[in-house]
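Enquirer: Please find final_30.cif (mmCIF, C-alpha atoms) on the next line:
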data_coords
loop_
_atom_site.group_PDB
_atom_site.id
_atom_site.type_symbol
_atom_site.label_atom_id
_atom_site.label_comp_id
_atom_site.auth_asym_id
_atom_site.auth_seq_id
_atom_site.Cartn_x
_atom_site.Cartn_y
_atom_site.Cartn_z
ATOM 1 C CA MET A 1 41.213 -33.108 67.078
ATOM 2 C CA LYS A 2 43.402 -36.107 67.928
ATOM 3 C CA PRO A 3 41.792 -39.593 68.091
ATOM 4 C CA ASN A 4 42.621 -39.934 71.802
ATOM 5 C CA HIS A 5 40.862 -36.648 72.527
ATOM 6 C CA ARG A 6 37.783 -37.764 70.620
ATOM 7 C CA VAL A 7 37.707 -41.027 72.556
ATOM 8 C CA GLY A 8 38.062 -39.143 75.848
ATOM 9 C CA ILE A 9 35.225 -36.775 74.973
ATOM 10 C CA SER A 10 33.012 -39.689 73.913
ATOM 11 C CA VAL A 11 33.646 -41.568 77.162
ATOM 12 C CA PHE A 12 33.060 -38.409 79.199
ATOM 13 C CA GLY A 13 29.769 -37.783 77.379
ATOM 14 C CA LEU A 14 28.721 -41.388 77.962
ATOM 15 C CA PHE A 15 29.219 -41.119 81.721
ATOM 16 C CA ILE A 16 27.478 -37.744 81.866
ATOM 17 C CA GLY A 17 24.439 -39.181 80.077
ATOM 18 C CA TRP A 18 24.551 -42.285 82.231
ATOM 19 C CA GLY A 19 24.672 -40.179 85.390
ATOM 20 C CA LEU A 20 21.689 -38.097 84.265
ATOM 21 C CA LEU A 21 19.611 -41.197 83.542
ATOM 22 C CA SER A 22 20.576 -42.610 86.930
ATOM 23 C CA ALA A 23 19.476 -39.396 88.652
ATOM 24 C CA ILE A 24 16.098 -39.650 86.908
ATOM 25 C CA ASN A 25 15.487 -43.352 87.597
ATOM 26 C CA SER A 26 18.146 -45.267 89.535
ATOM 27 C CA GLN A 27 16.041 -48.460 89.574
ATOM 28 C CA TYR A 28 16.417 -49.005 85.835
ATOM 29 C CA PHE A 29 19.622 -47.018 85.360
ATOM 30 C CA PRO A 30 22.068 -47.817 88.197
ATOM 31 C CA SER A 31 24.751 -45.162 88.628
ATOM 32 C CA PRO A 32 28.226 -45.681 87.140
ATOM 33 C CA VAL A 33 29.705 -45.742 90.640
ATOM 34 C CA THR A 34 27.312 -48.491 91.734
ATOM 35 C CA ILE A 35 28.128 -50.574 88.662
ATOM 36 C CA ALA A 36 31.888 -50.023 89.056
ATOM 37 C CA VAL A 37 31.839 -51.156 92.705
ATOM 38 C CA LEU A 38 29.674 -54.181 91.872
ATOM 39 C CA ALA A 39 31.884 -55.153 88.921
ATOM 40 C CA VAL A 40 34.961 -55.155 91.167
ATOM 41 C CA GLU A 41 33.106 -57.258 93.736
ATOM 42 C CA LEU A 42 32.068 -59.777 91.075
ATOM 43 C CA VAL A 43 35.662 -60.116 89.900
ATOM 44 C CA VAL A 44 37.311 -60.221 93.340
ATOM 45 C CA GLU A 45 34.748 -61.840 95.622
ATOM 46 C CA GLY A 46 32.937 -63.994 93.096
ATOM 47 C CA ASP A 47 29.432 -64.623 91.827
ATOM 48 C CA VAL A 48 26.911 -67.302 92.777
ATOM 49 C CA ARG A 49 28.959 -69.698 90.654
ATOM 50 C CA HIS A 50 32.631 -68.747 90.499
ATOM 51 C CA SER A 51 33.896 -65.219 89.892
ATOM 52 C CA ALA A 52 33.239 -62.914 86.979
ATOM 53 C CA ALA A 53 36.887 -63.390 85.977
ATOM 54 C CA TYR A 54 36.240 -67.132 85.605
ATOM 55 C CA HIS A 55 33.193 -66.604 83.383
ATOM 56 C CA ILE A 56 34.993 -63.987 81.278
ATOM 57 C CA GLY A 57 37.877 -66.433 80.871
ATOM 58 C CA VAL A 58 35.501 -69.187 79.719
ATOM 59 C CA THR A 59 33.876 -66.895 77.156
ATOM 60 C CA PHE A 60 37.288 -65.634 76.032
ATOM 61 C CA GLY A 61 38.448 -69.201 75.385
ATOM 62 C CA ARG A 62 35.419 -69.877 73.199
ATOM 63 C CA VAL A 63 35.894 -66.599 71.363
ATOM 64 C CA LEU A 64 39.600 -67.238 70.793
ATOM 65 C CA LEU A 65 38.948 -70.679 69.307
ATOM 66 C CA ALA A 66 36.042 -69.485 67.133
ATOM 67 C CA THR A 67 38.078 -66.511 65.890
ATOM 68 C CA ALA A 68 41.017 -68.735 64.965
ATOM 69 C CA ILE A 69 38.750 -71.137 63.084
ATOM 70 C CA SER A 70 36.873 -68.338 61.280
ATOM 71 C CA LEU A 71 40.050 -66.527 60.224
ATOM 72 C CA SER A 72 41.728 -69.743 59.075
ATOM 73 C CA LEU A 73 38.682 -70.715 57.003
ATOM 74 C CA ALA A 74 38.419 -67.208 55.541
ATOM 75 C CA VAL A 75 42.090 -67.131 54.529
ATOM 76 C CA GLY A 76 42.012 -70.665 53.141
ATOM 77 C CA ILE A 77 38.846 -70.134 51.104
ATOM 78 C CA GLY A 78 40.045 -66.700 49.965
ATOM 79 C CA VAL A 79 43.327 -68.111 48.656
ATOM 80 C CA ALA A 80 41.458 -70.934 46.893
ATOM 81 C CA MET A 81 39.195 -68.332 45.265
ATOM 82 C CA TYR A 82 42.218 -66.322 44.134
ATOM 83 C CA LEU A 83 43.953 -69.357 42.634
ATOM 84 C CA ASN A 84 40.890 -70.922 40.995
ATOM 85 C CA GLU A 85 38.253 -68.931 39.134
ATOM 86 C CA SER A 86 35.692 -71.747 39.356
ATOM 87 C CA VAL A 87 36.008 -71.800 43.144
ATOM 88 C CA ALA A 88 35.660 -68.011 43.212
ATOM 89 C CA LYS A 89 32.426 -68.073 41.198
ATOM 90 C CA ALA A 90 30.964 -70.885 43.318
ATOM 91 C CA VAL A 91 31.770 -69.217 46.633
ATOM 92 C CA GLU A 92 30.616 -65.782 45.449
ATOM 93 C CA ALA A 93 27.262 -67.316 44.487
ATOM 94 C CA TRP A 94 26.799 -68.778 47.976
ATOM 95 C CA LEU A 95 28.210 -65.895 50.042
ATOM 96 C CA PRO A 96 24.947 -63.862 50.182
ATOM 97 C CA ILE A 97 23.068 -66.977 51.343
ATOM 98 C CA TRP A 98 25.785 -67.771 53.893
ATOM 99 C CA MET A 99 25.589 -64.262 55.341
ATOM 100 C CA THR A 100 21.779 -64.087 55.458
ATOM 101 C CA PRO A 101 20.600 -66.386 58.333
ATOM 102 C CA PRO A 102 20.103 -64.505 61.644
ATOM 103 C CA ASP A 103 22.668 -65.287 64.337
ATOM 104 C CA VAL A 104 20.001 -66.508 66.757
ATOM 105 C CA VAL A 105 18.587 -68.985 64.244
ATOM 106 C CA VAL A 106 22.021 -70.440 63.490
ATOM 107 C CA ILE A 107 22.816 -70.756 67.203
ATOM 108 C CA LEU A 108 19.544 -72.516 67.981
ATOM 109 C CA ILE A 109 19.861 -74.962 65.067
ATOM 110 C CA VAL A 110 23.463 -75.844 65.967
ATOM 111 C CA MET A 111 22.555 -76.322 69.636
ATOM 112 C CA VAL A 112 19.632 -78.581 68.767
ATOM 113 C CA ILE A 113 21.943 -80.730 66.631
ATOM 114 C CA PHE A 114 25.072 -80.794 68.841
ATOM 115 C CA GLY A 115 23.637 -80.001 72.270
ATOM 116 C CA PHE A 116 24.164 -77.094 74.649
ATOM 117 C CA THR A 117 27.928 -77.389 74.853
ATOM 118 C CA THR A 118 31.065 -75.365 74.168
ATOM 119 C CA PRO A 119 31.645 -77.033 70.760
ATOM 120 C CA SER A 120 28.147 -75.887 69.730
ATOM 121 C CA ILE A 121 29.035 -72.283 70.594
ATOM 122 C CA VAL A 122 32.311 -72.497 68.663
ATOM 123 C CA ILE A 123 30.671 -74.087 65.605
ATOM 124 C CA ALA A 124 27.812 -71.563 65.543
ATOM 125 C CA VAL A 125 30.101 -68.561 66.006
ATOM 126 C CA SER A 126 32.519 -69.798 63.335
ATOM 127 C CA PHE A 127 29.694 -70.375 60.858
ATOM 128 C CA VAL A 128 28.198 -66.919 61.449
ATOM 129 C CA CYS A 129 31.455 -64.948 61.355
ATOM 130 C CA THR A 130 33.528 -66.650 58.641
ATOM 131 C CA PRO A 131 31.780 -65.135 55.570
ATOM 132 C CA PHE A 132 32.281 -61.576 56.812
ATOM 133 C CA ALA A 133 36.021 -62.143 57.198
ATOM 134 C CA LEU A 134 36.107 -63.904 53.837
ATOM 135 C CA VAL A 135 34.632 -60.876 52.060
ATOM 136 C CA SER A 136 37.360 -58.612 53.445
ATOM 137 C CA ILE A 137 40.208 -60.982 52.587
ATOM 138 C CA TRP A 138 38.828 -61.662 49.098
ATOM 139 C CA GLU A 139 38.723 -57.927 48.412
ATOM 140 C CA GLY A 140 42.329 -57.654 49.535
ATOM 141 C CA LEU A 141 43.426 -60.438 47.186
ATOM 142 C CA GLN A 142 41.651 -58.774 44.286
ATOM 143 C CA ASP A 143 43.540 -55.525 44.952
ATOM 144 C CA ILE A 144 46.930 -57.110 44.309
ATOM 145 C CA THR A 145 48.694 -55.140 41.585
ATOM 146 C CA PRO A 146 48.908 -57.310 38.432
ATOM 147 C CA GLU A 147 52.194 -55.667 37.425
ATOM 148 C CA LEU A 148 53.901 -56.993 40.571
ATOM 149 C CA VAL A 149 52.684 -60.508 39.857
ATOM 150 C CA GLU A 150 53.897 -60.278 36.285
ATOM 151 C CA MET A 151 57.275 -58.969 37.433
ATOM 152 C CA GLY A 152 57.621 -61.879 39.862
ATOM 153 C CA GLU A 153 56.769 -64.374 37.127
ATOM 154 C CA THR A 154 59.239 -62.679 34.761
ATOM 155 C CA PHE A 155 62.071 -63.142 37.254
ATOM 156 C CA ASP A 156 61.000 -66.730 37.979
ATOM 157 C CA ALA A 157 60.088 -66.020 41.604
ATOM 158 C CA GLY A 158 58.902 -69.173 43.347
ATOM 159 C CA PRO A 159 55.556 -69.495 45.155
ATOM 160 C CA GLY A 160 57.202 -68.961 48.538
ATOM 161 C CA MET A 161 58.875 -65.730 47.443
ATOM 162 C CA MET A 162 55.689 -64.491 45.764
ATOM 163 C CA TRP A 163 53.637 -65.021 48.928
ATOM 164 C CA ARG A 164 56.280 -63.477 51.147
ATOM 165 C CA PHE A 165 57.005 -60.347 49.126
ATOM 166 C CA VAL A 166 53.849 -59.787 47.038
ATOM 167 C CA TYR A 167 50.744 -61.473 48.382
ATOM 168 C CA LEU A 168 51.186 -61.239 52.151
ATOM 169 C CA PRO A 169 52.151 -57.524 52.231
ATOM 170 C CA TYR A 170 48.927 -56.788 50.356
ATOM 171 C CA VAL A 171 46.642 -59.188 52.192
ATOM 172 C CA GLY A 172 48.237 -58.740 55.636
ATOM 173 C CA SER A 173 46.406 -55.505 56.384
ATOM 174 C CA TYR A 174 43.101 -57.085 55.347
ATOM 175 C CA ILE A 175 43.788 -60.080 57.578
ATOM 176 C CA PHE A 176 44.432 -57.796 60.559
ATOM 177 C CA ALA A 177 41.301 -55.784 59.786
ATOM 178 C CA SER A 178 39.310 -59.015 59.555
ATOM 179 C CA LEU A 179 40.815 -60.200 62.836
ATOM 180 C CA ARG A 180 39.770 -57.025 64.645
ATOM 181 C CA ASN A 181 36.257 -57.174 63.212
ATOM 182 C CA LEU A 182 36.011 -60.874 63.936
ATOM 183 C CA PHE A 183 37.010 -60.452 67.569
ATOM 184 C CA GLY A 184 34.227 -57.983 68.220
ATOM 185 C CA MET A 185 31.708 -60.052 66.290
ATOM 186 C CA THR A 186 32.630 -63.399 67.859
ATOM 187 C CA TRP A 187 32.318 -61.938 71.370
ATOM 188 C CA LYS A 188 28.768 -60.772 70.671
ATOM 189 C CA VAL A 189 27.640 -63.996 68.997
ATOM 190 C CA ALA A 190 29.283 -66.164 71.669
ATOM 191 C CA VAL A 191 27.532 -64.285 74.480
ATOM 192 C CA ILE A 192 24.192 -64.652 72.657
ATOM 193 C CA GLY A 193 24.841 -68.381 72.368
ATOM 194 C CA GLU A 194 25.660 -68.648 76.067
ATOM 195 C CA VAL A 195 22.391 -66.929 76.925
ATOM 196 C CA PHE A 196 20.465 -69.812 75.336
ATOM 197 C CA GLY A 197 21.444 -72.476 77.824
ATOM 198 C CA ILE A 198 25.186 -72.788 78.449
ATOM 199 C CA THR A 199 25.881 -73.071 82.185
ATOM 200 C CA ASN A 200 28.967 -70.847 82.293
ATOM 201 C CA GLY A 201 30.350 -67.783 80.580
ATOM 202 C CA VAL A 202 29.312 -64.137 80.492
ATOM 203 C CA GLY A 203 26.078 -64.876 78.637
ATOM 204 C CA ALA A 204 25.066 -67.490 81.199
ATOM 205 C CA ARG A 205 25.501 -65.028 84.069
ATOM 206 C CA ILE A 206 23.595 -62.327 82.205
ATOM 207 C CA ARG A 207 20.734 -64.806 81.698
ATOM 208 C CA TYR A 208 20.807 -65.829 85.361
ATOM 209 C CA TRP A 209 20.634 -62.294 86.707
ATOM 210 C CA PHE A 210 18.043 -61.315 84.107
ATOM 211 C CA LEU A 211 15.783 -64.119 85.354
ATOM 212 C CA GLN A 212 16.339 -62.779 88.878
ATOM 213 C CA SER A 213 15.206 -59.327 87.638
ATOM 214 C CA ASN A 214 18.482 -57.880 88.916
ATOM 215 C CA ILE A 215 19.431 -55.123 86.508
ATOM 216 C CA GLU A 216 22.591 -54.116 88.394
ATOM 217 C CA GLU A 217 24.329 -57.474 87.875
ATOM 218 C CA VAL A 218 23.234 -57.559 84.234
ATOM 219 C CA VAL A 219 24.733 -54.119 83.611
ATOM 220 C CA ALA A 220 27.875 -54.986 85.604
ATOM 221 C CA TYR A 221 28.562 -58.082 83.503
ATOM 222 C CA THR A 222 27.844 -56.123 80.332
ATOM 223 C CA ALA A 223 30.293 -53.428 81.452
ATOM 224 C CA LEU A 224 32.999 -56.010 82.243
ATOM 225 C CA PHE A 225 32.432 -57.679 78.880
ATOM 226 C CA THR A 226 32.732 -54.319 77.083
ATOM 227 C CA ILE A 227 35.899 -53.348 78.963
ATOM 228 C CA VAL A 228 37.603 -56.630 78.040
ATOM 229 C CA VAL A 229 36.669 -56.272 74.358
ATOM 230 C CA LEU A 230 37.893 -52.671 74.232
ATOM 231 C CA PHE A 231 41.136 -53.593 75.996
ATOM 232 C CA ILE A 232 41.855 -56.355 73.486
ATOM 233 C CA GLU A 233 40.985 -54.047 70.579
ATOM 234 C CA TYR A 234 42.949 -50.944 71.635
ATOM 235 C CA GLY A 235 45.514 -52.491 73.973
ATOM 236 C CA VAL A 236 46.507 -55.582 72.002
ATOM 237 C CA LEU A 237 45.287 -55.846 68.409
ATOM 238 C CA ARG A 238 45.716 -52.246 67.283
ATOM 239 C CA PRO A 239 49.290 -51.846 68.659
ATOM 240 C CA VAL A 240 50.292 -55.165 67.094
ATOM 241 C CA GLU A 241 48.844 -54.078 63.752
ATOM 242 C CA GLU A 242 50.606 -50.706 63.889
ATOM 243 C CA ARG A 243 53.934 -52.369 64.677
ATOM 244 C CA ALA A 244 53.487 -55.031 62.000
ATOM 245 C CA PHE A 245 52.790 -52.448 59.295
ATOM 246 C CA LYS A 246 55.082 -49.695 60.516
ATOM 247 C CA TRP A 247 57.199 -50.283 57.428
ATOM 248 C CA ARG A 248 54.445 -48.772 55.289
ATOM 249 C CA THR A 249 54.690 -45.440 57.096
ATOM 250 C CA THR A 250 58.460 -45.528 56.813
ATOM 251 C CA ALA A 251 58.249 -46.305 53.104
#
Take the structure in the file and write it out as structure tokens.

Expert:
Amino acid sequence: MKPNHRVGISVFGLFIGWGLLSAINSQYFPSPVTIAVLAVELVVEGDVRHSAAYHIGVTFGRVLLATAISLSLAVGIGVAMYLNESVAKAVEAWLPIWMTPPDVVVILIVMVIFGFTTPSIVIAVSFVCTPFALVSIWEGLQDITPELVEMGETFDAGPGMMWRFVYLPYVGSYIFASLRNLFGMTWKVAVIGEVFGITNGVGARIRYWFLQSNIEEVVAYTALFTIVVLFIEYGVLRPVEERAFKWRTTA
């Protein structure tokens, strides 16, 4: 079965299950049609404070910045680990500790220190997500074929040529994989951070409507958030990755 067919069947099954739950109890499980209409209204006509498009844009900006910081840190630390064994041993010793603290705890501590602001969200998200990207990139660097490195050194290839023709082709796929994982992770952590007191963004609107005991708006914002994440994943990141590494299939 082709991947597109599997996705279609999964989505169809989701809506069938959703419709059945709605038929049983529409108060707690609003129908897909109700949520779809409300989501369009929130985007077009606006919410209590601005439109859903505005809040999604605010969250997207935070996510974009946090993802860029996390990926840059992961690549930089990964390269330092590859070039220096002492750095690799030190970072490997701290990685399990870095990955252990719960997201909520990190968010709360950062917000207490820096306040309930956008920089706090970006710092917290970057701290939580960087080690997971680092693990992937470090594994990619370790998979570099030693024979290729030796061949490059034999022919006196400079650092620039080695990175262009040896290191990056190996690590590039890991960087893209880390980017895709990071984007999904940073969205979730950013929304959790917004729930704790930020005045705008998807998480802030989910908190507002939750306090109003309005399940329809909560589900509508969650649906919009999910649609945006899936669009970026399958409509942007995956096609770019396939085009960037099309040469592998050709080879």

Enquirer: Got a sec: who's within 10 Å of Gly184 of chain A, counting all atoms listed in the file, leaving out chain neighbours fewer than 5 positions off, as a PyMOL selection string?

Expert: chain A and resi 63+67+179+189+226+229-230+232-233

Enquirer: Would you translate the PyMOL selection byres ((chain A and resi 57) around 12) into the concrete set of residues it matches in this file, as a VMD selection string?

Expert: chain A and resid 43 50 to 56 58 to 64 187 200 to 202 224 to 225 228

Enquirer: For segment 132-147 of chain A, find every residue with an atom within 10 Å (counting all atoms listed in the file), except residues of its own chain fewer than 3 positions away, and show them as a PDB file with C-alpha atoms, in the coordinates of the input.

Expert:
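Contents of out.pdb, as written:
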ATOM      1  CA  THR A  67      38.078 -66.511  65.890  1.00  0.00           C
ATOM      2  CA  SER A  70      36.873 -68.338  61.280  1.00  0.00           C
ATOM      3  CA  LEU A  71      40.050 -66.527  60.224  1.00  0.00           C
ATOM      4  CA  SER A  72      41.728 -69.743  59.075  1.00  0.00           C
ATOM      5  CA  LEU A  73      38.682 -70.715  57.003  1.00  0.00           C
ATOM      6  CA  ALA A  74      38.419 -67.208  55.541  1.00  0.00           C
ATOM      7  CA  VAL A  75      42.090 -67.131  54.529  1.00  0.00           C
ATOM      8  CA  GLY A  76      42.012 -70.665  53.141  1.00  0.00           C
ATOM      9  CA  ILE A  77      38.846 -70.134  51.104  1.00  0.00           C
ATOM     10  CA  GLY A  78      40.045 -66.700  49.965  1.00  0.00           C
ATOM     11  CA  VAL A  79      43.327 -68.111  48.656  1.00  0.00           C
ATOM     12  CA  ALA A  80      41.458 -70.934  46.893  1.00  0.00           C
ATOM     13  CA  MET A  81      39.195 -68.332  45.265  1.00  0.00           C
ATOM     14  CA  TYR A  82      42.218 -66.322  44.134  1.00  0.00           C
ATOM     15  CA  ALA A  88      35.660 -68.011  43.212  1.00  0.00           C
ATOM     16  CA  VAL A  91      31.770 -69.217  46.633  1.00  0.00           C
ATOM     17  CA  GLU A  92      30.616 -65.782  45.449  1.00  0.00           C
ATOM     18  CA  LEU A  95      28.210 -65.895  50.042  1.00  0.00           C
ATOM     19  CA  TRP A  98      25.785 -67.771  53.893  1.00  0.00           C
ATOM     20  CA  MET A  99      25.589 -64.262  55.341  1.00  0.00           C
ATOM     21  CA  VAL A 128      28.198 -66.919  61.449  1.00  0.00           C
ATOM     22  CA  CYS A 129      31.455 -64.948  61.355  1.00  0.00           C
ATOM     23  CA  GLU A 150      53.897 -60.278  36.285  1.00  0.00           C
ATOM     24  CA  MET A 151      57.275 -58.969  37.433  1.00  0.00           C
ATOM     25  CA  GLY A 152      57.621 -61.879  39.862  1.00  0.00           C
ATOM     26  CA  GLU A 153      56.769 -64.374  37.127  1.00  0.00           C
ATOM     27  CA  VAL A 166      53.849 -59.787  47.038  1.00  0.00           C
ATOM     28  CA  TYR A 167      50.744 -61.473  48.382  1.00  0.00           C
ATOM     29  CA  LEU A 168      51.186 -61.239  52.151  1.00  0.00           C
ATOM     30  CA  PRO A 169      52.151 -57.524  52.231  1.00  0.00           C
ATOM     31  CA  TYR A 170      48.927 -56.788  50.356  1.00  0.00           C
ATOM     32  CA  VAL A 171      46.642 -59.188  52.192  1.00  0.00           C
ATOM     33  CA  GLY A 172      48.237 -58.740  55.636  1.00  0.00           C
ATOM     34  CA  SER A 173      46.406 -55.505  56.384  1.00  0.00           C
ATOM     35  CA  TYR A 174      43.101 -57.085  55.347  1.00  0.00           C
ATOM     36  CA  ILE A 175      43.788 -60.080  57.578  1.00  0.00           C
ATOM     37  CA  PHE A 176      44.432 -57.796  60.559  1.00  0.00           C
ATOM     38  CA  ALA A 177      41.301 -55.784  59.786  1.00  0.00           C
ATOM     39  CA  SER A 178      39.310 -59.015  59.555  1.00  0.00           C
ATOM     40  CA  LEU A 179      40.815 -60.200  62.836  1.00  0.00           C
ATOM     41  CA  ARG A 180      39.770 -57.025  64.645  1.00  0.00           C
ATOM     42  CA  ASN A 181      36.257 -57.174  63.212  1.00  0.00           C
ATOM     43  CA  LEU A 182      36.011 -60.874  63.936  1.00  0.00           C
ATOM     44  CA  MET A 185      31.708 -60.052  66.290  1.00  0.00           C
TER      45      MET A 185
END

Enquirer: Using 4 Å of padding on each side, determine the axis-aligned box around all atoms of segment 75-83 of chain A present in the file and give its centre and edge lengths in Å to one decimal, as AutoDock Vina command-line options.

Expert:
--center_x 41.4 --center_y -68.6 --center_z 48.6 --size_x 13.1 --size_y 12.6 --size_z 19.9

Enquirer: Please report the interatomic distance between atom CA of Thr130 of chain A and atom CA of Val236 of chain A in Å with one decimal.

Expert: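 One can read the atom CA of Thr130 of chain A to atom CA of Val236 of chain A distance as 21.7 Å.
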
Enquirer: Got a minute to add N, CA and C atoms to segment 119-136 of chain A and dump it as a PDB file, keeping the file's coordinate frame?

Expert:
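Output saved as rebuild_29.pdb:
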ATOM      1  N   PRO A 119      31.465 -76.850  72.202  1.00  0.00           N
ATOM      2  CA  PRO A 119      31.645 -77.033  70.760  1.00  0.00           C
ATOM      3  C   PRO A 119      30.504 -76.434  69.932  1.00  0.00           C
ATOM      4  N   SER A 120      29.276 -76.474  70.451  1.00  0.00           N
ATOM      5  CA  SER A 120      28.147 -75.887  69.730  1.00  0.00           C
ATOM      6  C   SER A 120      28.330 -74.382  69.576  1.00  0.00           C
ATOM      7  N   ILE A 121      28.789 -73.728  70.654  1.00  0.00           N
ATOM      8  CA  ILE A 121      29.035 -72.283  70.594  1.00  0.00           C
ATOM      9  C   ILE A 121      30.111 -71.980  69.552  1.00  0.00           C
ATOM     10  N   VAL A 122      31.194 -72.737  69.584  1.00  0.00           N
ATOM     11  CA  VAL A 122      32.311 -72.497  68.663  1.00  0.00           C
ATOM     12  C   VAL A 122      31.878 -72.719  67.219  1.00  0.00           C
ATOM     13  N   ILE A 123      31.130 -73.799  66.964  1.00  0.00           N
ATOM     14  CA  ILE A 123      30.671 -74.087  65.605  1.00  0.00           C
ATOM     15  C   ILE A 123      29.738 -72.989  65.112  1.00  0.00           C
ATOM     16  N   ALA A 124      28.780 -72.588  65.936  1.00  0.00           N
ATOM     17  CA  ALA A 124      27.812 -71.563  65.543  1.00  0.00           C
ATOM     18  C   ALA A 124      28.502 -70.228  65.272  1.00  0.00           C
ATOM     19  N   VAL A 125      29.403 -69.838  66.167  1.00  0.00           N
ATOM     20  CA  VAL A 125      30.101 -68.561  66.006  1.00  0.00           C
ATOM     21  C   VAL A 125      30.969 -68.588  64.748  1.00  0.00           C
ATOM     22  N   SER A 126      31.656 -69.685  64.520  1.00  0.00           N
ATOM     23  CA  SER A 126      32.519 -69.798  63.335  1.00  0.00           C
ATOM     24  C   SER A 126      31.696 -69.715  62.059  1.00  0.00           C
ATOM     25  N   PHE A 127      30.548 -70.389  62.051  1.00  0.00           N
ATOM     26  CA  PHE A 127      29.694 -70.375  60.858  1.00  0.00           C
ATOM     27  C   PHE A 127      29.180 -68.970  60.578  1.00  0.00           C
ATOM     28  N   VAL A 128      28.773 -68.260  61.623  1.00  0.00           N
ATOM     29  CA  VAL A 128      28.198 -66.919  61.449  1.00  0.00           C
ATOM     30  C   VAL A 128      29.250 -65.914  61.006  1.00  0.00           C
ATOM     31  N   CYS A 129      30.456 -66.007  61.546  1.00  0.00           N
ATOM     32  CA  CYS A 129      31.455 -64.948  61.355  1.00  0.00           C
ATOM     33  C   CYS A 129      32.375 -65.147  60.150  1.00  0.00           C
ATOM     34  N   THR A 130      32.579 -66.389  59.721  1.00  0.00           N
ATOM     35  CA  THR A 130      33.528 -66.650  58.641  1.00  0.00           C
ATOM     36  C   THR A 130      33.242 -65.874  57.354  1.00  0.00           C
ATOM     37  N   PRO A 131      31.995 -65.821  56.864  1.00  0.00           N
ATOM     38  CA  PRO A 131      31.780 -65.135  55.570  1.00  0.00           C
ATOM     39  C   PRO A 131      32.121 -63.656  55.594  1.00  0.00           C
ATOM     40  N   PHE A 132      31.963 -63.002  56.734  1.00  0.00           N
ATOM     41  CA  PHE A 132      32.281 -61.576  56.812  1.00  0.00           C
ATOM     42  C   PHE A 132      33.789 -61.347  56.713  1.00  0.00           C
ATOM     43  N   ALA A 133      34.565 -62.234  57.331  1.00  0.00           N
ATOM     44  CA  ALA A 133      36.021 -62.143  57.198  1.00  0.00           C
ATOM     45  C   ALA A 133      36.451 -62.500  55.789  1.00  0.00           C
ATOM     46  N   LEU A 134      35.773 -63.466  55.194  1.00  0.00           N
ATOM     47  CA  LEU A 134      36.107 -63.904  53.837  1.00  0.00           C
ATOM     48  C   LEU A 134      35.930 -62.769  52.833  1.00  0.00           C
ATOM     49  N   VAL A 135      34.871 -61.989  52.973  1.00  0.00           N
ATOM     50  CA  VAL A 135      34.632 -60.876  52.060  1.00  0.00           C
ATOM     51  C   VAL A 135      35.792 -59.888  52.094  1.00  0.00           C
ATOM     52  N   SER A 136      36.266 -59.569  53.301  1.00  0.00           N
ATOM     53  CA  SER A 136      37.360 -58.612  53.445  1.00  0.00           C
ATOM     54  C   SER A 136      38.654 -59.149  52.826  1.00  0.00           C
TER      55      SER A 136
END
